[in-house]
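> Here it is: the structure, laid out below.
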Amino acid sequence: MSGEPTTPSGTALLVLGCPQVPVQTSIALYLINRLKKSGVVPVVAGNKSANTLLVIADPDRHYLGEVIDLDRTVALISEKKRDFDRCFVFIHNDAGISYAATMGAISKAKLFVLIYGEHYDDLVKQVDFPCTIIAAKAVHNPMPLKKAIDEVKPWAA
């Protein structure tokens, strides 16, 4: 196999919130890798802390491509200056639910919500908008969330 991308293509936005839960950074890098291998161009939009963690974790940009401020991204999408084919919102608190609902309302992207953390099941119950839910109790160990992502294979959507 030559390592060439498979059939899927397009763009994907990864919306990262506060990196309070340790699994966010590793799962974001994992998802970026899977998307790129499938021919999907990932763009990361996060707050300063989330973006900085990723940039420091991948200083040579082996995985990371474009990294942009989250508020700027929301403005660009709401002004119809930019949009994506897929959107992955990382959720571990109520603010994440709000960002996901906002993305669902302003973007044409197929919406995926990645819900994790100690109380992920309570957050799942708050999702009342169309999306694909990927959820697992993952705080320090990213494997439960990785497994849930692998079952859905959102890079092939």
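Ordered as shown in the structure tokens, chains take letters A, B, and onward, while each chain numbers its residues from 1 and ligands are numbered from 1 in the order shown.
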Write out as a short mmCIF file (atom, residue, chain, number, x, y, z; two decimals) with N, CA and C atoms, in the first residue's frame the residues lying within 10 Å of Gly65 (chain A), counting only C-alpha atoms and excluding same-chain residues fewer than 6 positions away.


data_model
loop_
_atom_site.label_atom_id
_atom_site.label_comp_id
_atom_site.auth_asym_id
_atom_site.auth_seq_id
_atom_site.Cartn_x
_atom_site.Cartn_y
_atom_site.Cartn_z
N ILE A 32 -7.04 13.71 14.00
CA ILE A 32 -6.37 14.42 12.91
C ILE A 32 -5.62 13.43 12.02
N LYS A 36 -6.53 12.71 8.10
CA LYS A 36 -5.54 12.94 7.04
C LYS A 36 -5.29 11.68 6.22
N VAL A 41 -8.95 17.01 5.02
CA VAL A 41 -8.08 18.07 5.53
C VAL A 41 -8.65 18.58 6.86
N PRO A 42 -7.94 18.32 7.97
CA PRO A 42 -8.44 18.78 9.27
C PRO A 42 -7.95 20.19 9.60
N VAL A 43 -8.84 20.94 10.23
CA VAL A 43 -8.52 22.27 10.74
C VAL A 43 -8.91 22.27 12.21
N VAL A 44 -8.03 22.75 13.06
CA VAL A 44 -8.31 22.80 14.49
C VAL A 44 -8.70 24.22 14.88
N VAL A 55 0.04 22.51 19.39
CA VAL A 55 1.21 23.01 18.68
C VAL A 55 2.49 22.55 19.37
N ASP A 58 3.09 18.83 18.71
CA ASP A 58 3.45 18.51 17.33
C ASP A 58 4.15 19.71 16.69
#

> I want to know what sits within 8 Å of Leu16 (chain A), based on only C-alpha atoms, with residues of the same chain fewer than 5 positions away left out; could you give that as a list of chain:residue names?

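Answer for this query is A:Gln24, A:Val44, A:Ala45, A:Gly46, A:Asn47, A:Ala50, A:Leu70, A:Val89, A:Phe90, A:Ile91.
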
> Identify, with DSSP run on backbone atoms, the residues in region 78-153 of chain A assigned to alpha helix (DSSP H), and express the list as a compact mmCIF listing (two decimals) with C-alpha atoms, in the first residue's frame.


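Writing the result to result22.txt gives the following:
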# COMPACT_ATOMS: atom_id res chain seq x y z
CA SER A 78 -21.65 32.57 10.75
CA ASP A 94 -21.97 22.48 29.28
CA ALA A 95 -19.99 25.02 27.25
CA GLY A 96 -19.10 22.24 24.81
CA ILE A 97 -22.80 21.44 24.35
CA SER A 98 -23.41 25.12 23.54
CA TYR A 99 -20.60 25.17 20.97
CA ALA A 100 -21.95 22.01 19.36
CA ALA A 101 -25.46 23.44 19.12
CA THR A 102 -24.04 26.62 17.64
CA MET A 103 -22.02 24.70 15.05
CA GLY A 104 -25.10 22.67 14.17
CA ALA A 105 -27.07 25.88 13.59
CA ILE A 106 -24.50 27.87 11.58
CA TYR A 120 -20.15 12.10 30.07
CA ASP A 121 -23.51 10.32 30.42
CA ASP A 122 -25.15 13.47 31.86
CA LEU A 123 -23.83 15.49 28.92
CA VAL A 124 -25.15 12.98 26.38
CA MET A 143 -8.63 4.32 24.97
CA PRO A 144 -12.40 4.19 25.69
CA LEU A 145 -12.97 7.27 23.52
CA LYS A 146 -10.59 6.01 20.83
CA LYS A 147 -12.53 2.74 20.71
CA ALA A 148 -15.84 4.62 20.39
CA ILE A 149 -14.42 6.74 17.56
CA ASP A 150 -13.08 3.66 15.77
CA GLU A 151 -16.52 2.03 15.90
CA VAL A 152 -18.12 5.04 14.17

> Check region 16-154 of chain A with DSSP on the backbone and list each residue it calls strand (DSSP E or B), as an NGL selection string.

:A and (16 or 40-46 or 66-69 or 86-91 or 110-115 or 132-135)

> Go through A:Val113, A:Ala75, A:Leu29, A:Ile56 one by one, measure the shortest atom-to-atom distance of each to Asp128 (chain A) using only C-alpha atoms, and give the residue with the smallest value.

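Result for the nearest residue to Asp128 (chain A): A:Val113.
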
> Just give me the gap between CA of Asp71 (chain A) and CA of Trp155 (chain A) in Å, one decimal is fine.

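Interatomic distance, CA of Asp71 (chain A) to CA of Trp155 (chain A): 24.7 Å.
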
> Which is closest to Ala157 (chain A) among A:Val139, A:Leu53, A:Val23, A:Val40, if we use only C-alpha atoms?

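Closest candidate: A:Val40.
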
> If you count only C-alpha atoms, which residues fall within 10 Å of Lys48 (chain A), apart from same-chain ones fewer than 6 positions away, as a list of chain:residue names?

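Listing them by chain and then by number gives A:Leu16, A:Gly17, A:Cys18, A:Pro19, A:Ile68, A:Asp69, A:Leu70.
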
> Can you work out which one of A:Val67, A:His92, A:Phe84, A:Asp60 has the shortest atom-to-atom distance to Gly10 (chain A), counting only C-alpha atoms?

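Comparing A:Val67, A:His92, A:Phe84, A:Asp60 against Gly10 (chain A), the winner is A:Phe84.
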
> Considering only C-alpha atoms, state which residue in the set A:Ala156, A:Val21, A:Ala12, A:Ala109 is at the smallest distance from Glu66 (chain A).

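Nearest candidate to Glu66 (chain A) out of A:Ala156, A:Val21, A:Ala12, A:Ala109: A:Ala12.
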
> From the set A:Ile115, A:Val15, A:Leu31, A:Ile77, which residue has the shortest atom-to-atom contact distance to Ala138 (chain A), counting only C-alpha atoms?

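Checking each of A:Ile115, A:Val15, A:Leu31, A:Ile77 against Ala138 (chain A), counting only C-alpha atoms, the winner is A:Ile115.
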